[in-house]
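Below: input-v7.txt (compact mmCIF, C-alpha atoms)
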```
# COMPACT_ATOMS: atom_id res chain seq x y z
CA LYS O 1 64.16 -50.29 8.73
CA SER O 2 60.68 -51.81 8.86
CA TRP O 3 61.52 -53.58 12.13
CA ALA O 4 62.97 -50.40 13.61
CA LYS O 5 59.77 -48.50 12.87
CA LYS O 6 57.62 -51.16 14.54
CA ALA O 7 59.84 -51.73 17.58
CA PRO O 8 59.41 -49.10 20.30
CA ALA O 9 62.49 -46.98 20.91
CA ARG O 10 64.15 -47.03 24.32
CA GLN O 11 62.27 -44.53 26.40
CA ARG O 12 63.69 -41.98 28.80
CA LEU O 13 61.03 -41.97 31.47
CA PRO O 14 60.10 -38.87 33.51
CA LEU O 15 61.46 -38.39 37.00
CA PRO O 16 58.76 -37.23 39.46
CA ARG O 17 59.37 -33.97 41.32
CA CYS O 18 59.45 -35.66 44.73
CA LEU O 19 62.36 -37.85 43.60
CA VAL O 20 64.14 -34.89 42.00
CA CYS O 21 63.90 -33.10 45.34
CA LEU O 22 65.12 -36.20 47.17
CA ILE O 23 68.18 -36.41 44.91
CA ALA O 24 68.87 -32.68 45.29
CA ALA O 25 68.59 -32.93 49.08
CA TYR O 26 70.96 -35.90 49.10
CA MET O 27 73.51 -33.96 47.06
CA ALA O 28 73.26 -30.94 49.35
CA GLN O 29 73.72 -33.07 52.47
CA GLN O 30 76.78 -34.63 50.81
CA GLY O 31 78.31 -31.16 50.43
CA ARG O 32 77.30 -30.76 46.76
CA LEU O 33 74.74 -27.97 47.04
CA ALA O 34 75.50 -26.57 43.56
CA MET O 35 74.76 -29.97 42.02
CA GLY O 36 71.44 -30.11 43.86
CA LEU O 37 70.57 -26.67 42.49
CA CYS O 38 71.55 -27.75 38.97
CA VAL O 39 69.22 -30.75 39.23
CA ILE O 40 66.30 -28.57 40.34
CA VAL O 41 66.92 -25.92 37.65
CA SER O 42 67.19 -28.61 34.96
CA PHE O 43 63.86 -30.07 36.08
CA ALA O 44 62.03 -26.75 36.37
CA CYS O 45 63.28 -25.44 33.01
CA TYR O 46 63.15 -28.72 31.01
CA LEU O 47 66.86 -28.47 30.22
CA ARG O 48 68.79 -31.02 28.23
CA PRO O 49 71.86 -32.20 30.21
CA LYS O 50 74.30 -30.45 27.90
CA GLU O 51 72.32 -27.21 28.07
CA ALA O 52 72.42 -27.29 31.86
CA ILE O 53 76.10 -28.06 32.31
CA THR O 54 77.33 -25.49 29.75
CA LEU O 55 75.44 -22.53 31.22
CA THR O 56 77.46 -19.43 32.03
CA VAL O 57 76.72 -16.78 34.65
CA GLY O 58 75.75 -14.36 31.87
CA GLN O 59 72.98 -16.69 30.71
CA LEU O 60 71.20 -16.40 34.06
CA ILE O 61 69.15 -13.23 33.68
CA PRO O 62 67.95 -11.43 36.84
CA PRO O 63 64.50 -9.86 37.15
CA SER O 64 63.75 -6.16 36.74
CA SER O 65 61.05 -5.70 39.37
CA ALA O 66 61.35 -1.91 39.23
CA ALA O 67 59.96 -2.04 35.69
CA GLY O 68 56.73 -3.64 36.87
CA PRO O 69 55.29 -6.95 38.13
CA GLY O 70 55.53 -8.53 34.69
CA TYR O 71 59.34 -8.46 34.92
CA ARG O 72 59.69 -10.14 38.33
CA PHE O 73 60.99 -13.52 37.16
CA TRP O 74 64.50 -14.83 36.70
CA GLY O 75 65.24 -16.38 33.32
CA LEU O 76 67.70 -18.40 31.29
CA LEU O 77 69.00 -17.34 27.88
CA LEU O 78 69.93 -20.53 26.08
CA HIS O 79 72.30 -20.64 23.10
CA PRO O 80 73.06 -16.87 22.96
CA ALA O 81 73.73 -15.68 19.44
CA GLU O 82 77.08 -14.20 20.51
CA HIS O 83 78.32 -17.68 21.44
CA LEU O 84 77.79 -18.80 17.82
CA VAL O 85 76.55 -22.23 18.97
CA PRO O 86 72.89 -22.92 18.11
CA GLY O 87 70.58 -25.22 20.03
CA LYS O 88 69.58 -28.73 19.01
CA VAL O 89 67.09 -27.50 16.41
CA GLY O 90 69.41 -24.76 15.10
CA LEU O 91 67.94 -21.81 17.02
CA TYR O 92 69.68 -19.09 19.01
CA ASP O 93 68.49 -17.02 21.99
CA GLU O 94 65.96 -19.53 23.30
CA ALA O 95 64.43 -18.19 26.51
CA VAL O 96 63.04 -19.97 29.56
CA LEU O 97 61.53 -18.13 32.53
CA ILE O 98 62.16 -19.54 35.99
CA ASP O 99 58.59 -18.75 37.04
CA SER O 100 58.15 -21.87 39.16
CA GLU O 101 60.31 -22.94 42.11
CA ARG O 102 60.69 -19.30 43.11
CA TRP O 103 62.36 -20.31 46.36
CA LEU O 104 65.43 -20.72 44.12
CA TYR O 105 65.77 -16.96 43.66
CA PRO O 106 68.13 -16.27 46.61
CA PHE O 107 70.42 -19.05 45.38
CA LEU O 108 70.33 -17.69 41.83
CA GLU O 109 71.27 -14.22 43.07
CA ILE O 110 74.40 -15.64 44.70
CA LEU O 111 75.32 -17.50 41.51
CA THR O 112 75.33 -14.24 39.54
CA LEU O 113 77.96 -12.57 41.77
CA ARG O 114 80.72 -13.56 39.34
CA PRO O 115 81.91 -12.48 35.88
CA PRO O 116 79.39 -13.24 33.07
CA ALA O 117 81.73 -15.62 31.20
CA THR O 118 82.26 -17.83 34.27
CA PRO O 119 80.66 -21.30 34.12
CA LEU O 120 77.48 -21.25 36.19
CA TRP O 121 78.28 -24.58 37.87
CA PRO O 122 81.61 -25.46 39.52
CA PHE O 123 81.72 -29.04 38.27
CA SER O 124 81.96 -31.02 35.04
CA ARG O 125 79.32 -33.11 33.36
CA ARG O 126 81.23 -36.25 34.34
CA GLU O 127 81.18 -35.19 38.00
CA LEU O 128 77.45 -34.48 37.82
CA VAL O 129 76.70 -37.85 36.21
CA ASP O 130 78.80 -39.69 38.81
CA SER O 131 77.12 -37.86 41.69
CA PHE O 132 73.67 -38.49 40.20
CA ARG O 133 74.37 -42.21 39.88
CA LEU O 134 75.67 -42.37 43.44
CA ALA O 135 72.47 -40.71 44.67
CA VAL O 136 70.37 -43.19 42.69
CA THR O 137 72.22 -46.10 44.29
CA ASP O 138 72.25 -44.80 47.86
CA LEU O 139 68.61 -43.68 47.73
CA ARG O 140 67.53 -47.07 46.29
CA LEU O 141 66.09 -45.59 43.11
CA GLY O 142 67.68 -48.27 40.94
CA PRO O 143 64.35 -49.85 39.82
CA LEU O 144 63.62 -46.66 37.87
CA ASN O 145 66.99 -46.64 36.07
CA PRO O 146 66.80 -42.81 35.98
CA SER O 147 69.05 -40.52 33.97
CA LEU O 148 69.69 -36.79 33.81
CA TYR O 149 67.43 -36.64 30.75
CA GLY O 150 64.58 -37.74 33.02
CA LEU O 151 64.70 -34.27 34.58
CA ARG O 152 63.58 -32.70 31.28
CA HIS O 153 60.84 -35.30 30.82
CA GLY O 154 59.81 -35.03 34.45
CA GLY O 155 59.42 -31.26 34.45
CA ALA O 156 57.12 -31.35 31.45
CA SER O 157 55.11 -34.31 32.76
CA GLU O 158 54.63 -32.76 36.22
CA ASP O 159 53.39 -29.48 34.73
CA LEU O 160 50.86 -31.39 32.63
CA LEU O 161 49.79 -33.69 35.47
CA HIS O 162 49.09 -30.84 37.90
CA ARG O 163 47.71 -28.50 35.20
CA HIS O 164 50.38 -25.91 35.96
CA ARG O 165 50.71 -25.16 32.23
CA THR O 166 48.70 -25.83 29.12
CA PRO O 167 50.07 -28.34 26.60
CA GLU O 168 50.91 -25.43 24.28
CA ALA O 169 52.82 -23.65 27.06
CA VAL O 170 54.70 -26.86 27.90
CA LYS O 171 55.61 -27.31 24.23
CA ARG O 172 56.94 -23.77 24.03
CA ARG O 173 58.87 -24.09 27.29
CA GLY O 174 60.43 -27.35 26.14
CA ARG O 175 61.23 -25.79 22.76
CA TRP O 176 59.56 -28.63 20.88
CA ALA O 177 58.51 -27.87 17.35
CA SER O 178 55.72 -30.46 17.07
CA ASP O 179 52.91 -31.97 19.11
CA GLU O 180 54.45 -35.38 18.43
CA SER O 181 57.61 -34.35 20.28
CA LEU O 182 55.53 -33.12 23.21
CA GLU O 183 53.73 -36.47 23.38
CA ARG O 184 57.09 -38.24 23.66
CA TYR O 185 58.14 -36.08 26.59
CA GLY O 186 54.90 -35.37 28.44
CA LYS O 187 53.95 -38.64 30.13
CA GLU O 188 51.82 -37.82 33.14
CA THR O 189 50.73 -41.38 33.91
CA ARG O 190 54.33 -42.59 33.74
CA LEU O 191 55.07 -40.45 36.78
CA LEU O 192 52.64 -42.62 38.75
CA SER O 193 53.92 -45.90 37.34
CA GLU O 194 57.49 -44.94 38.19
CA LEU O 195 56.57 -44.16 41.80
CA ALA O 196 54.81 -47.52 42.06
CA LYS O 197 58.19 -49.24 41.61
CA LEU O 198 59.56 -47.90 44.91
CA PRO O 199 59.07 -49.10 48.51
CA ALA O 200 57.00 -47.08 50.98
CA ASP O 201 59.96 -45.87 53.06
CA VAL O 202 61.65 -44.34 50.01
CA LEU O 203 58.40 -42.62 49.01
CA SER O 204 58.01 -41.28 52.54
CA LYS O 205 61.41 -39.57 52.39
CA ALA O 206 60.63 -38.31 48.89
CA ARG O 207 57.43 -36.71 50.18
CA VAL O 208 59.32 -34.85 52.91
CA ALA O 209 61.90 -33.68 50.35
CA ASN O 210 59.11 -32.57 48.02
CA GLU O 211 57.46 -30.49 50.73
CA SER O 212 60.62 -29.07 52.34
CA ILE O 213 63.18 -28.76 49.55
CA ALA O 214 64.01 -25.08 50.25
CA GLU O 215 64.72 -25.77 53.94
CA LEU O 216 66.75 -28.86 53.05
CA LEU O 217 68.99 -27.00 50.61
CA LEU O 218 69.41 -24.10 53.03
CA GLY O 219 70.50 -26.55 55.71
CA ASN O 220 67.62 -25.60 58.00
CA LYS O 221 66.32 -29.18 57.89
CA THR O 222 67.89 -32.58 57.34
CA LEU O 223 66.67 -35.95 56.16
CA PRO O 224 67.94 -39.30 57.46
CA LEU O 225 69.74 -40.16 54.22
CA PRO O 226 72.66 -42.55 53.56
```
For the structure just supplied, provide its representation as structure tokens.
Amino acid sequence: KSWAKKAPARQRLPLPRCLVCLIAAYMAQQGRLAMGLCVIVSFACYLRPKEAITLTVGQLIPPSSAAGPGYRFWGLLLHPAEHLVPGKVGLYDEAVLIDSERWLYPFLEILTLRPPATPLWPFSRRELVDSFRLAVTDLRLGPLNPSLYGLRHGGASEDLLHRHRTPEAVKRRGRWASDESLERYGKETRLLSELAKLPADVLSKARVANESIAELLLGNKTLPLP
């Protein structure tokens, strides 16, 4: 036990937004648009992999713009009380606004055109993991050894790095109960060290994906990808 306390635990490192966009673009160009959207939503909302893959249409809540500008965002209702399955820390009805990546809204509207109990994504967790790993291999991201959990870490770290949210807002969005948990997930400098592991040509494609992700997912633009 003493050794375990002194030895650092295996870290899940954050995945930078530009690489998240590159992976999503790759999936879309491979005919897996829904998987690309899932990756972006997981990143933007700091979702755990299980939370993302088990979402239903009814958990994607549309805006109510007619009620005023304060109600203009889409949102996710995680672990609804009526499902009788609490979240990781035992809470129900955890809410996350999709107030960033607003270019997603037309895609989200299409996803809601089905019965509320329908799974939000038309694929299994196994299929998502396999597709993610294939993207990592083909895009030459192997030196980072990324995982789906890196999307949650990456979203929090990017918001802290670019000052998009305060640490308190990031903690609330990530549904972390303590500052210690936030420190484990919010690793701004790690974003830079992860990018330093990749060759310039990969980073160049990632930059294009980062700047043009909406056009890439809509099919209005393509990247020379494997």
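In this comparison, which uses all atoms listed in the file, the residue of O:Gly219, O:Pro115, O:Pro122, O:Gly154 approaching Tyr46 of chain O most closely is O:Gly154.
Straight-line separation from atom CA of Thr112 of chain O to atom CA of Gly31 of chain O: 20.3 Å.
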Give the centre and edge lengths of an axis-aligned box, in Å to one decimal, that holds all listed atoms of segment 81-100 of chain O with 8 Å on each side, as AutoDock Vina command-line options.
```
--center_x 68.2 --center_y -21.5 --center_z 27.1 --size_x 36.2 --size_y 30.5 --size_z 40.1
```
Set the distance at 6 Å and use only C-alpha atoms: which residues neighbour segment 93-107 of chain O once local chain neighbours fewer than 4 positions away are removed? I'd like the list as number ranges by chain. O: 73-81
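Distance check against Ala117 of chain O using all atoms listed in the file: of O:Ser157, O:Leu148, O:Gly58, O:Val129, the minimum falls on O:Gly58.
Within 12 Å of the point (83.0, -26.8, 35.2), counting only C-alpha atoms, the protein and nucleic acid residues come to Ala34, Met35, Lys50, Ala52, Ile53, Thr54, Leu55, Thr56, Val57, Ala117, Thr118, Pro119, Leu120, Trp121, Pro122, Phe123, Ser124, Arg125, Arg126, Glu127 and Leu128 of chain O.
Relative to atom CA of Ala214 of chain O, atom CA of Leu111 of chain O is found at 16.2 Å.
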With all atoms listed in the file as the counted atoms, please give the residues lying no more than 12 Å from segment 188-196 of chain O, apart from itself and same-chain residues fewer than 3 positions off, as a PyMOL selection string. chain O and resi 11-20+141-146+150-151+153-163+167+182-185+199-204+206-207
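Atom CA of Leu91 of chain O is positioned 18.8 Å from atom CA of Ile61 of chain O.
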Counting only C-alpha atoms, what is within 10 Å of Ser212 of chain O, bar same-chain residues fewer than 4 positions away, as a short mmCIF file (atom, residue, chain, number, x, y, z; two decimals) with C-alpha atoms, in the coordinates of the input?
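Result file is part.cif:
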```
data_model
loop_
_atom_site.label_atom_id
_atom_site.label_comp_id
_atom_site.auth_asym_id
_atom_site.auth_seq_id
_atom_site.Cartn_x
_atom_site.Cartn_y
_atom_site.Cartn_z
CA CYS O 21 63.90 -33.10 45.34
CA LEU O 22 65.12 -36.20 47.17
CA ALA O 25 68.59 -32.93 49.08
CA ALA O 206 60.63 -38.31 48.89
CA ARG O 207 57.43 -36.71 50.18
CA VAL O 208 59.32 -34.85 52.91
CA LEU O 216 66.75 -28.86 53.05
CA LEU O 217 68.99 -27.00 50.61
CA ASN O 220 67.62 -25.60 58.00
CA LYS O 221 66.32 -29.18 57.89
CA THR O 222 67.89 -32.58 57.34
CA LEU O 223 66.67 -35.95 56.16
#
```
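Between Phe132 of chain O and the candidates O:Ala169, O:Cys45, O:Val85, O:Ile23, the tightest atom-to-atom separation, counting all atoms listed in the file, involves O:Ile23.
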